[in-house]
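Notes follow once the structure below has been shown.
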Amino acid sequence: MSALLWLVPIALVMGTCGLAAFFWSMRSGQFEDTKGDASRILDDGDDKPIFSEDDA
Amino acid sequence: MGRQDIIDRGTNDAAIGCPSGLQTEPVAKSDPMGSKIDLSSYVNHPDADTNALELIVQGAHCSGCLGKIERGVSALPSVTSARMNLSTLRLKVSWTGEDLSASDIVSALSDLGFGAAPYDIDVAQTQSEGELKYLLRAIAVAGFAAMNVMMLSIAVWSGGADMSRATHTLFHWISAMIALPTVLYAGRPFFRSAWGALKNKQTNMDVPISLALVLACSLSVFETVMGNPDTYFDAAVMLLFLLLIGRYLDAKLRLRTGEAARRLAALQVTSATRLLANGKIETVPASAVSPGDHLLIPAGQRIPVDCRLIKGQSDIDMQIATGETAPQSVAIGDSLYSGTTNLTSPITVEVINAYSDSFLSEITSLVEAGEQKKSKFVRIADRAARAYVPVVHTIAALTFIGWLWIGGDLRTAALNAIAVLIITCPCALGLAVPAVQIVAAGRLFKHGVLIRSGDALERLAKTKWVIFDKTGTLTTGKFTLLNRDEISPSNLRIAAAMAKVSSHPMARALHDEVSGLEAADIIETAGAGLSAIVDERRVRFGSADFVGVETKGNSHNNSEIWMQTDDTAPVQFQFSDQPRKDAVATLDALRAQNLPLELLSGDRKQTVETVADNLGFSRWSGGVNPQQKMNVINQRLAEGRYPLMVGDGINDAPALSAANASASLATASDISRSTSDIILQGDKLIGLPKAIIIAQKAGRRVKENLGLAIIYNMLAIPLAIFGFVNPLVAALAMSGSSLIVTLNALRMSRA
């Protein structure tokens with residue numbers, strides 16, 4: 001029984017972390033242009049992300 | 001540093017356009033006359049010194065284009081950032097100071113080989129984008145909650161007797177703490193819609209959903225507080241999760257097609273060259289001219305508003321307005337419709353009607369009338385929901401009363417009534433219909449067909465009659481030389497040299513045929529022909545009158561050019577508007593589906609007859625004006641034939657909007673594209689029969705899914721009514737039914 005008292009909060013915290021990561025990546029515009037981002041990896045130039053937190 | 005140097009430096013890899021050669025069609029220069037359009041009204045000023053502009057770029061396909069565009073634009077002086085979105089083809093540019101204007105950026109892009117137009121950020125668009133983002137967040141939250149609540153619930157169900165009462169209650173409390181905020185946050189789209197419907201004294205699908213969510217949560221809270229064994233938190237969040245997925249798919253389909261249509265529209269910003277009293281000229285947006293203004297219309301440019309010719313003489317391509325293929329000669333005093341193209345020589349005109357009152361607006365009002373009729377179309381999901389909702393509510397209410405009546409306590413009665421509401425929740429309607437439609441839209445997209453909405457697909461599936469426009473739809477709308485074999489190669493070469501200096505569409509067809517000689521000492525007689533010296537001989541080239549030939553017998557045919565040199569007999573060049581390459585295959589495929597075909601054209605009878613004979617139409621009519629086209633469509637509708645109209649011109653727009661379903665080509669005029677349910681990309685007609693087949697298949701899948709939902713409910717409802725459904729059964733049954741309909745929808749992808 002005491003195992004549950006540990007496992008349940010751990011599961012919840014991990015889930016919340018995943019959710020927070022998803023929200024963060026949405027806010028930072030990572031789903032805005034999936035096609036373009038796939039292409040940008042191939043670009044050798046000095047490219048930096050342009051979306052800032054307040055931009056989204 | 002000149003602009004060209006900058007571009008060369010920015011893109012030393014590059015010729016014009018897409019570097020990897022993915023671009024199949026040449027991109028039209030967004031500003032063919034090289035005049036500078038004033039785009040300053042599209043520029044935003046996020047702060048005092050910064051200018052920002054959002055453009056739609058045409059012709060970008062790959063990482064090469066992306067890099068080329070960003071580097072090319074960043075290299076312009078004072079540009080601080082240029083960021084391209086390859087999915088939506090939008091380019092955001094910001095720069096400082098006044099040295100650079102918006103039109104410089106557009107022309108820089110044009111020099112790089114990409115078309116560009118300002119993106120008019122329209123409010124509806126941003127709203128639906130925001131809604132899509134909100135739905136995605138809601139799905140994430142509901143998914144997180146569903147997983148965790150389910151985890152706790154499974155522990156409760158399987159723990160059974162081994163679990164102490166205290167642990168039980170603890171788990172319910174944790175579930176409540178996860179589920180309640182989730183329902184409040186992620187359930188808003190349903191609550192809002194249900195409230196809206198109730199306020200108007202109507203019901204929709206969202207009413208039972210909201211009711212089930214609210215009741216299930218409040219009863220579960222009550223159960224938790226009382227320390228009872230069963231709660232419905234898991235069922236509630238699972239329901240929410242599945243329905244949100246359906247909602248998201250639906251919204252996504254709408255946004256994607258809307259985006260594509262807007263992108264095409266944005267590339268046709270029209271401008272006008274206004275002649276001022278002091279003799280100067282200025283370029284203004286077409287919407288800014290007013291009656292009485294004098295406009296300069298160069299050869300090759302579209303006439304922006306209705307006007308009257310006051311100086312010059314030219315040929316006008318009226319095709320877009322009347323469907324007539326051969327150019328019309330106009331003289332001083334003649335009226336010109338907006339949307340038509342000035343072909344041969346520059347003219348000066350006086351504006352009769354402002355942009356909003358032009359020929360286009362008459363068409364627009366006809367279109368609106370048609371649209372209104374179409375908006376009465378009831379989507380299959382709504383129709384099903386209308387029948388379904390009262391039944392569900394009645395059964396739930398009867399269950400509640402029934403349990404009280406046979407002596408059950410209030411709690412049992414409420415629990416069973418809620419079980420009925422949850423288990424009957426229209427997941428199949430909320431999830432499976434959009435799932436089928438998005439799979440179908442994806443398949444059609446691969447065939448080069450763009451579907452504008454889910455109900456377009458439903459209407460298309462009903463098609464029982466197909467009506468085609470001729471010019472620009474079945475035929476290319478471009479002339480080709482017919483009697484090439486009768487003309488000697490030397491004559492053909494001389495004619496090509498003459499044609500090179502003319503912008504007449506028939507001459508252009510010749511010009512594409514052969515090349516070699518140069519014409520000198522050119523004298524042009526507007527609206528009649530050219531005279532020039534080619535190969536040391538004086539050549540006259542133009543209409544029969546101009547060359548001095550007596551037309552006998554075949555005078556009805558004005559799809560011809562005559563040519564005469566000093567020492568030879570006059571030579572006739574005959575032209576015709578050829579059917580598209582895939583027209584025959586498309587019509588055969590449609591006939592194979594037992595669909596009657598009809599041809600309606602605004603072109604002259606003789607021309608239509610030839611095409612109708614060639615393509616095997618048994619029903620055809622020529623010389624039909626927009627209003628008459630619409631009447632034919634309405635007559636077919638009244639006969640119960642569900643006509644599908646395929647067209648491209650402004651003159652087709654009223655018919656397109658009146659028809660049960662409508663299709664247009666990607667190169668069609670703005671107004672016909674925006675009225676059409678489907679758009680055939682790359683101008684391939686062959687996508688049309690495929691679209692009808694896929695739409696019919698999608699219709700069958702939707703009906704199967706509704707059937708599955710009914711079977712499922714017939715099995716599940718009695719169990720719920722008689723109290724055999726505990727939360728485990730409810731959750732399993734519900735997700736099971738959703739899974740089945742989704743899998744059934746995915747079968748479409750093999751179609």
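Please note that chains go A, B, ... in the order of the structure tokens, that every chain numbers its residues from 1, and that ligands are numbered from 1 in the order shown.
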
For chain A, work out the contacting residues on chain B at 10 Å, counting only C-alpha atoms, and write them as a VMD selection string.
-> chain B and resid 61 to 67 71 81 to 89 133 136 to 137 140 to 141 143 to 145 147 to 149 151 to 152 155 163 to 164 167 171 174 178

Please provide the set of residues having any atom within 7 Å of range 300-307 of chain B, restricted to only C-alpha atoms, with same-chain residues fewer than 6 positions apart removed, written as a ChimeraX atom specification.
-> /B:270,272,286,335-343,349-355,358-359

Between CA of Gln58 in chain B and CA of Phe114 in chain B - distance in Å to one decimal = 5.7 Å

Would you work out the distance separating CA of Trp95 in chain B from CA of Asp47 in chain B, expressed in Å to one decimal?
-> 11.1 Å

Could you pull out all residues of range 471-644 of chain B with a DSSP call of strand (DSSP E) and give them as a PyMOL selection string?
-> chain B and resi 475-481+519-525+529-534+537-542+560-565+571-579+597-600+620-621+643-644

Mind writing the picked residues with C-alpha atoms as a PDB file, in the first residue's frame?
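Result went into selection_21.pdb, see below:
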ATOM      1  CA  THR B 475     -10.663  23.886 -72.993  1.00  0.00           C
ATOM      2  CA  THR B 476      -7.478  25.661 -72.058  1.00  0.00           C
ATOM      3  CA  GLY B 477      -8.745  29.084 -73.132  1.00  0.00           C
ATOM      4  CA  LYS B 478      -5.577  29.506 -75.193  1.00  0.00           C
ATOM      5  CA  PHE B 479      -5.408  29.393 -78.973  1.00  0.00           C
ATOM      6  CA  THR B 480      -3.517  26.803 -80.952  1.00  0.00           C
ATOM      7  CA  LEU B 481      -2.782  26.836 -84.658  1.00  0.00           C
ATOM      8  CA  ALA B 519      10.737  42.033 -87.687  1.00  0.00           C
ATOM      9  CA  ALA B 520      11.839  45.637 -88.321  1.00  0.00           C
ATOM     10  CA  ASP B 521      10.139  48.957 -89.049  1.00  0.00           C
ATOM     11  CA  ILE B 522       6.943  47.944 -87.303  1.00  0.00           C
ATOM     12  CA  ILE B 523       3.779  49.962 -87.878  1.00  0.00           C
ATOM     13  CA  GLU B 524       0.858  48.980 -85.684  1.00  0.00           C
ATOM     14  CA  THR B 525      -2.771  49.728 -86.477  1.00  0.00           C
ATOM     15  CA  GLY B 529      -3.033  44.422 -87.447  1.00  0.00           C
ATOM     16  CA  LEU B 530       0.672  44.978 -87.960  1.00  0.00           C
ATOM     17  CA  SER B 531       2.814  45.882 -90.872  1.00  0.00           C
ATOM     18  CA  ALA B 532       6.574  45.297 -90.758  1.00  0.00           C
ATOM     19  CA  ILE B 533       9.632  44.387 -92.761  1.00  0.00           C
ATOM     20  CA  VAL B 534      10.758  40.783 -92.350  1.00  0.00           C
ATOM     21  CA  ARG B 537       9.912  42.101 -97.518  1.00  0.00           C
ATOM     22  CA  ARG B 538       6.978  44.217 -96.367  1.00  0.00           C
ATOM     23  CA  VAL B 539       4.498  41.983 -94.534  1.00  0.00           C
ATOM     24  CA  ARG B 540       0.950  42.789 -93.521  1.00  0.00           C
ATOM     25  CA  PHE B 541      -0.426  40.704 -90.700  1.00  0.00           C
ATOM     26  CA  GLY B 542      -3.875  40.938 -89.112  1.00  0.00           C
ATOM     27  CA  GLU B 560      -8.184  33.579 -87.799  1.00  0.00           C
ATOM     28  CA  ILE B 561      -5.296  35.816 -88.824  1.00  0.00           C
ATOM     29  CA  TRP B 562      -4.300  36.695 -92.373  1.00  0.00           C
ATOM     30  CA  MET B 563      -0.815  37.433 -93.632  1.00  0.00           C
ATOM     31  CA  GLN B 564       0.328  38.842 -96.923  1.00  0.00           C
ATOM     32  CA  THR B 565       3.793  39.637 -98.218  1.00  0.00           C
ATOM     33  CA  VAL B 571      -2.137  33.075 -96.121  1.00  0.00           C
ATOM     34  CA  GLN B 572      -4.791  32.192 -93.583  1.00  0.00           C
ATOM     35  CA  PHE B 573      -3.926  31.021 -90.084  1.00  0.00           C
ATOM     36  CA  GLN B 574      -6.800  29.304 -88.322  1.00  0.00           C
ATOM     37  CA  PHE B 575      -6.888  28.973 -84.604  1.00  0.00           C
ATOM     38  CA  SER B 576      -9.013  27.169 -82.122  1.00  0.00           C
ATOM     39  CA  ASP B 577      -9.275  26.724 -78.431  1.00  0.00           C
ATOM     40  CA  GLN B 578      -8.160  23.144 -77.772  1.00  0.00           C
ATOM     41  CA  PRO B 579      -9.695  20.832 -75.161  1.00  0.00           C
ATOM     42  CA  LEU B 597     -23.174  15.491 -68.769  1.00  0.00           C
ATOM     43  CA  GLU B 598     -24.146  18.921 -70.049  1.00  0.00           C
ATOM     44  CA  LEU B 599     -22.165  21.777 -71.593  1.00  0.00           C
ATOM     45  CA  LEU B 600     -23.109  25.415 -70.922  1.00  0.00           C
ATOM     46  CA  TRP B 620     -25.156  21.642 -74.865  1.00  0.00           C
ATOM     47  CA  SER B 621     -26.039  25.300 -75.260  1.00  0.00           C
ATOM     48  CA  PRO B 643     -26.125  19.146 -60.354  1.00  0.00           C
ATOM     49  CA  LEU B 644     -22.378  19.539 -59.980  1.00  0.00           C
TER      50      LEU B 644
END

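Reported to one decimal place, the separation of CA of Leu510 in chain B from CA of Val549 in chain B is 20.3 Å.
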
Find the residues around Cys425 in chain B up to 9 Å (only C-alpha atoms counted), leave out those fewer than 6 positions away in its own chain, and share them as an NGL selection string.
-> :B and (205 or 208-209 or 212 or 239 or 392 or 734)
